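K.L.:
Sharing a structure here in structure tokens format.
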Amino acid sequence: VHSLWGSSSDISSGPYGDIFWETRPRMSEFTVRSTIISRYAFTTVSCTMVNSGSEAREGVFEMQIPAAAFISNFTMSIGNKTYYGEVTGKEKKHSSDDKARHKKPPSPTDGRENGYETFKASVFIPRKMQARFLLHYEELLQRRLGKYEYTVSIRPQQLVGRLRVEVNILENSGIVSLEVPPLRNSKHKGNGKVEGDVSSPPSTVVGHTKTLAKVTFNPSVVEQTRIARNGILGDFIIRYDVNRELSVGDVQILNGYFVHYFAPTDLPPLPKNVVFVLDSSASMVGTKLKQTKEALFTILQDLRPEDHFNIIGFSNRIKVWQQDRLVPVTPNNIRDAKKYIHNMSPTGGTNINGALQTGAKLLNDYIAQNDIDARSVSLIIFLTDGRPTVGETQSSKILSNTKDAIRDKFCLFTIGIGNDVDHKLLERMALENCGMTRHFQEDDDAASHLKGFYDEIGTPLLSDIRVDYPEDNVEEVTQNFFPNYFNGSEIIIAGKLINHTSDSLHVEVTASNSKKYILLKTDVAIDLPSRNDIRGVPGLEDGKGDKNYIERAWSYLTIKELLNSRLKTDDNQEKDYLMEKAKSMALTYNFVTPFTVLKMREAGLHSEPLQEEFISPSTDGIGEKLQSLQGHKAPPDKQRIKISKTSADGDPHFVIDFPSSKFSVCFNIDGEPGDILRLVSDHKESGVTVNGQLIGAPAPPNGHKKHRTYFSTITILSNKPERSYLEITPRRVILDDGERLLLSCDRSAVVRSSSLEVSISANSNVTVTIQDTISFVILIHHYKKPAPYQRNHLGFYISNSKGLSSDSHGLLGQFLNHEVKLLQESLNTSHQQVGQNQTEALKPGPTTNLKVKGRLVPVVWKQRRIYNGQQEVDCWFAKNNADKLIDGSYKDYLASHPFDTGTSFGTINSL
């Protein structure tokens, strides 16, 4: 029995010639089951082979796994014998055989577009017997271009009777934009886009709730034949993202470990200073240069007006497009740059060292001599297809020269095309200079790969990001300083908690963006009794369930960082220290790494038959445990809130409650879509203004109205003690009090500042409290299947108006400190004032009036439903857009924009 872990020839060719096709063992079952919990994926591959021949035959199990993944377990049974994989430290000596068998899996920064390693195990299966293989591997999904991509290689190399892929995703933040694109074959790997057919593979079933998703792929033999007769179906891909807000991000804590995901959105891009350094040596002739040019034309088109750029072409000679400067992005400069690239012709050797020295000097001089935006991001994008052949050719010297030239002033991103590049050199150059590297094959899709990589780094949103936790609270924290954060990516930090008695973890994120220096602080609640130990996920069998997914994510990240640090250093002593540390952790967590190896051992004579131990993760109690968002303890959903009847809701129907008079008054406002109604206006005194913007919808059939209107946005402005404003829609809340914060309405949260508190009860309501004396409740109305005349909208309720002054105005605000009398005209036409207890005895009639500020307003008796239709309120209704009930006419309450605090009011008609 032997297993090979490392690279093998492309398995699409297959290890067998056609002559053996009928005699090799038949694969009766190929199953992949995966559980992804908070971006951490556990995958189990199960494969059964049957030898129905009359003599022993070799069965070969091959599986391509992502280069960034770590194998965590492997077992197999042949007949009645079981063998299990044991992770042991690799011996230091490296024989040529060892090198062949144990090729180092690339680090996540490598992420080659064909970034797969091949696991291979071959066994002789006795006649009329079967063999079963179980492979477990784990990986932390990386976010690229705004999506996590989980990929499973389905290449059994023959048609399979029972073929099934089942992926369970659990993301407590909420799953968004889940998609399963068509199967992808090796030449299309990594481009993130699929041309032509975009339907899911046949027999794919996708089901998901807000936080859980289940995706299955279960093709019959006939369906497999239609895809590929040779059993090489391709990559089964799932792409998704999670809900996120601009703040400190998601911090999740479990059993003494934490993982912190930071991926803010809704920020303006930073300006870029970029130098493109392009290989134009003779080896680039043909497809490679054509594809590079094609990609560059698109990339130049995507540069923003505030960016600056230059282009260097290199072979044995180095040609700079614009001498000694970077030029701004203008139509003329882009046109000239395209002309320059178009005229590049492949010739000569490859002077990598000289090209990088020229590019670094150009960018350094530009930064030093120009008054560049202090928050702009500078970078070199370097592309080559070969090894250094001209000038300095020694890798170690090129590395030290490049590092000396860049001096941590900017980042270097490297791209290798084809099979002749020095991967090690490009990877290390990027690693040592805060960049990333990619490797693409020379094929028809190279241009879209290049464009895809540029898209990853083309929109920097933050620079100099530092994430801090109290030193006495945490230890063994992974990397916490990042030079840049690019749109669509994600920063991940993990660590251990020291202080187990603390009930919260303090988090601070500092960074720069194009507008200002940002400081975000929060305290994340730690739920001490751990109720969230998810056991039974693949890879955690045999009582290892306590090694939970957050701890494993921490160990995964830590080992990756140790491998990268070892790659970057030239100090042999430090190399050995980092190797031993990585090896020790890999042995603790049972990971196969460059320093550990999987050895097969035979289990005892009476071993149990091999079972696939896979149980879907329990989700009990997860809501209490996966702390996220601001880290404030979330209020319970649908919490009971004290709320008055004074409100504007629905189409919009206004209700004003007069508790001391024991009755309510109501009216409608038939505004136009786009109108902004001033609901509360007390800008001069308490500093508070509330405006509501209307959205239109067609009227119900047979109705008297030409259209309906609802509140689509409520804007609350508060000017005291400092200016802050809130914009609330059915989907999100934007709070700006000097720092812009974006919160999703489908997640509970509480945000407090010195004068303001915003509390979101998920998908239910938003409560805004100002200086503890003014409180508004905004109800969120969502329709699962809206009728044509329905729109997602908001209802506005005044819960506490103590802090509003007696001069407050607006459609609701003008009644908060005024009493209204109810009069009924008797037969002799003298006014009879209605007593408090007589209201219900009054019959609706044309002779009932309200007395408001000296004005008589005819009213009729109505019943209104409020609070999402859950309560009825009896009220006296004023017709004709509240004519005479309100000061002036409703048009006097139109604001010019959502943040209009204007106090000028139309002609006040005081009768």
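Going by the structure tokens order, chains are called A, B, ..., each with residues numbered from 1, while ligands are numbered from 1 in the order shown.
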Need the shell around segment 549-560 of chain A: protein/DNA/RNA residues with any atom at most 7 Å away, counting only C-alpha atoms. Skip same-chain ones fewer than 4 positions apart. Format as a PyMOL selection string?

P.N.:
chain A and resi 40+107+140+254+257-259+478+494-495+564+582

K.L.:
Please produce, as a tab-separated table, a per-residue contact table for segment 187-274 of chain A versus segment 19-39 of chain A (criterion: any atom at most 12 Å away, only C-alpha atoms considered), showing the nearest atom pair and its distance in Å to one decimal, sorted by chain then residue number.

P.N.:
```
residue	atom	partner	partner_atom	distance
A:Thr211	CA	A:Ser38	CA	10.1
A:Leu212	CA	A:Ile37	CA	9.6
A:Ala213	CA	A:Ile36	CA	9.6
A:Lys214	CA	A:Thr35	CA	9.3
A:Val215	CA	A:Ser34	CA	9.8
A:Thr216	CA	A:Arg33	CA	9.2
A:Phe217	CA	A:Val32	CA	9.6
A:Asn218	CA	A:Thr31	CA	9.3
A:Pro219	CA	A:Phe30	CA	11.2
A:Ser220	CA	A:Glu29	CA	11.7
A:Val221	CA	A:Ser28	CA	11.1
A:Asn230	CA	A:Trp21	CA	10.4
A:Gly231	CA	A:Met27	CA	10.5
A:Phe236	CA	A:Val32	CA	10.6
A:Ile238	CA	A:Ile36	CA	11.1
A:Arg239	CA	A:Arg39	CA	11.4
A:Tyr240	CA	A:Arg39	CA	10.1
A:Asp241	CA	A:Arg39	CA	9.5
A:Val242	CA	A:Ser38	CA	9.3
A:Asn243	CA	A:Ser38	CA	11.8
A:Asp250	CA	A:Ser38	CA	10.0
A:Val251	CA	A:Ser38	CA	10.7
A:Gln252	CA	A:Ser38	CA	8.8
A:Ile253	CA	A:Ser38	CA	11.3
A:Leu254	CA	A:Ser38	CA	12.0
A:Phe258	CA	A:Ser38	CA	11.8
A:Val259	CA	A:Ser38	CA	9.5
A:His260	CA	A:Ser38	CA	10.5
A:Tyr261	CA	A:Ser38	CA	9.5
```

K.L.:
Store the residues picked out above in a file with C-alpha atoms, as a PDB file, in the first residue's frame.

P.N.:
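Produced file out09.pdb, reproduced below:
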```
ATOM      1  CA  THR A 211     -28.005  31.511   7.187  1.00  0.00           C
ATOM      2  CA  LEU A 212     -27.959  27.905   5.897  1.00  0.00           C
ATOM      3  CA  ALA A 213     -27.525  26.579   2.367  1.00  0.00           C
ATOM      4  CA  LYS A 214     -27.440  23.067   0.954  1.00  0.00           C
ATOM      5  CA  VAL A 215     -26.166  22.393  -2.556  1.00  0.00           C
ATOM      6  CA  THR A 216     -26.260  18.902  -4.102  1.00  0.00           C
ATOM      7  CA  PHE A 217     -24.988  17.603  -7.436  1.00  0.00           C
ATOM      8  CA  ASN A 218     -26.149  14.081  -8.206  1.00  0.00           C
ATOM      9  CA  PRO A 219     -25.782  13.267 -11.938  1.00  0.00           C
ATOM     10  CA  SER A 220     -26.958   9.925 -13.268  1.00  0.00           C
ATOM     11  CA  VAL A 221     -24.658   7.872 -15.502  1.00  0.00           C
ATOM     12  CA  ASN A 230     -14.078   9.730 -19.794  1.00  0.00           C
ATOM     13  CA  GLY A 231     -15.337  10.613 -16.309  1.00  0.00           C
ATOM     14  CA  PHE A 236     -17.915  21.909  -9.340  1.00  0.00           C
ATOM     15  CA  ILE A 238     -20.060  27.330  -5.476  1.00  0.00           C
ATOM     16  CA  ARG A 239     -19.706  31.101  -5.174  1.00  0.00           C
ATOM     17  CA  TYR A 240     -21.314  33.164  -2.447  1.00  0.00           C
ATOM     18  CA  ASP A 241     -20.844  36.131  -0.182  1.00  0.00           C
ATOM     19  CA  VAL A 242     -22.126  37.056   3.262  1.00  0.00           C
ATOM     20  CA  ASN A 243     -23.933  40.107   4.576  1.00  0.00           C
ATOM     21  CA  ASP A 250     -17.463  40.099  12.146  1.00  0.00           C
ATOM     22  CA  VAL A 251     -15.693  38.827  15.256  1.00  0.00           C
ATOM     23  CA  GLN A 252     -16.618  35.246  16.112  1.00  0.00           C
ATOM     24  CA  ILE A 253     -15.594  33.641  19.382  1.00  0.00           C
ATOM     25  CA  LEU A 254     -15.720  29.995  20.424  1.00  0.00           C
ATOM     26  CA  PHE A 258     -11.530  34.064  17.963  1.00  0.00           C
ATOM     27  CA  VAL A 259     -11.523  34.810  14.245  1.00  0.00           C
ATOM     28  CA  HIS A 260     -12.082  38.319  12.925  1.00  0.00           C
ATOM     29  CA  TYR A 261     -13.318  38.979   9.358  1.00  0.00           C
TER      30      TYR A 261
END
```

K.L.:
Would you work out the distance separating atom CA of Asn849 of chain A from atom CA of Tyr893 of chain A, expressed in Å to one decimal?

P.N.:
23.8 Å

K.L.:
Separation of atom CA of Asn316 of chain A and atom CA of Gly348 of chain A, in Å?

P.N.:
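Atom-to-atom, atom CA of Asn316 of chain A and atom CA of Gly348 of chain A are spaced 5.5 Å apart.
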
K.L.:
Find the residues around segment 883-889 of chain A up to 12 Å (only C-alpha atoms counted), leave out those fewer than 3 positions away in its own chain, and share them as an MDAnalysis selection string.

P.N.:
chainID A and resid 654 656 665:671 677 679 809:815 818 820:821 849:859 876:880 892:894 905:911

K.L.:
Which residues in segment 130-175 of chain A does DSSP call strand (DSSP E or B)? List them as an MDAnalysis selection string.

P.N.:
chainID A and resid 130:140 143:144 147:154 162:170 175

K.L.:
List as a list of chain:residue names the protein and nucleic acid residues near Ser808 of chain A, meaning an atom at most 8 Å away when only C-alpha atoms are counted, but skip any in the same chain fewer than 2 places from it.

P.N.:
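Final neighbour list, sorted by chain and number: A:Val680, A:Ser681, A:Asp682, A:Glu685, A:Leu804, A:Ser805, A:Ser806, A:Gly810, A:Gly813, A:Gln814, A:Leu816.
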
K.L.:
Among segment 159-285 of chain A, which ones does DSSP place in alpha helix (DSSP H), written as a list in words?

P.N.:
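Selecting the alpha helix (DSSP H) positions of segment 159-285 of chain A gives Val221, Val222, Glu223, Gln224, Thr225, Arg226 and Ile227 of chain A.
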
K.L.:
Based on the selection just made, write C-alpha atoms of those residues as a compact mmCIF listing (two decimals), in the first residue's frame.

P.N.:
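Here's the written file out.txt:
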```txt
# COMPACT_ATOMS: atom_id res chain seq x y z
CA VAL A 221 -24.66 7.87 -15.50
CA VAL A 222 -26.54 9.22 -18.54
CA GLU A 223 -26.01 12.83 -17.37
CA GLN A 224 -22.32 12.08 -16.68
CA THR A 225 -21.97 10.73 -20.23
CA ARG A 226 -23.39 13.95 -21.68
CA ILE A 227 -20.79 15.98 -19.75
```

K.L.:
Quick one: residues within 12 Å of segment 48-51 of chain A, only C-alpha atoms counted, chain neighbours fewer than 5 positions away excluded, as JSON, numbers by chain?

P.N.:
{"A": [22, 23, 24, 25, 26, 27, 28, 29, 30, 31, 56, 57, 58, 59, 60, 61, 76, 77, 78, 79, 122, 123, 124, 125, 126, 127, 128, 129, 130, 131, 132, 133, 134, 135, 156, 158, 159, 160, 161, 162, 163, 610, 611, 612]}

K.L.:
For Gln323 of chain A, which of A:Glu722, A:Asp365, A:Asp675, A:Asp443 is the closest residue, counting only C-alpha atoms?

P.N.:
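The closest residue to Gln323 of chain A is A:Asp365.
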
K.L.:
Find the spatial neighbours of Pro269 of chain A, counting only C-alpha atoms, within a cut-off of 6 Å - ignore same-chain residues fewer than 3 positions away - and output them as a PyMOL selection string.

P.N.:
chain A and resi 459-461

K.L.:
How far is it from atom CA of Asp324 of chain A to atom CA of Asn353 of chain A, in Å with one decimal?

P.N.:
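Pair atom CA of Asp324 of chain A / atom CA of Asn353 of chain A returns 18.6 Å.
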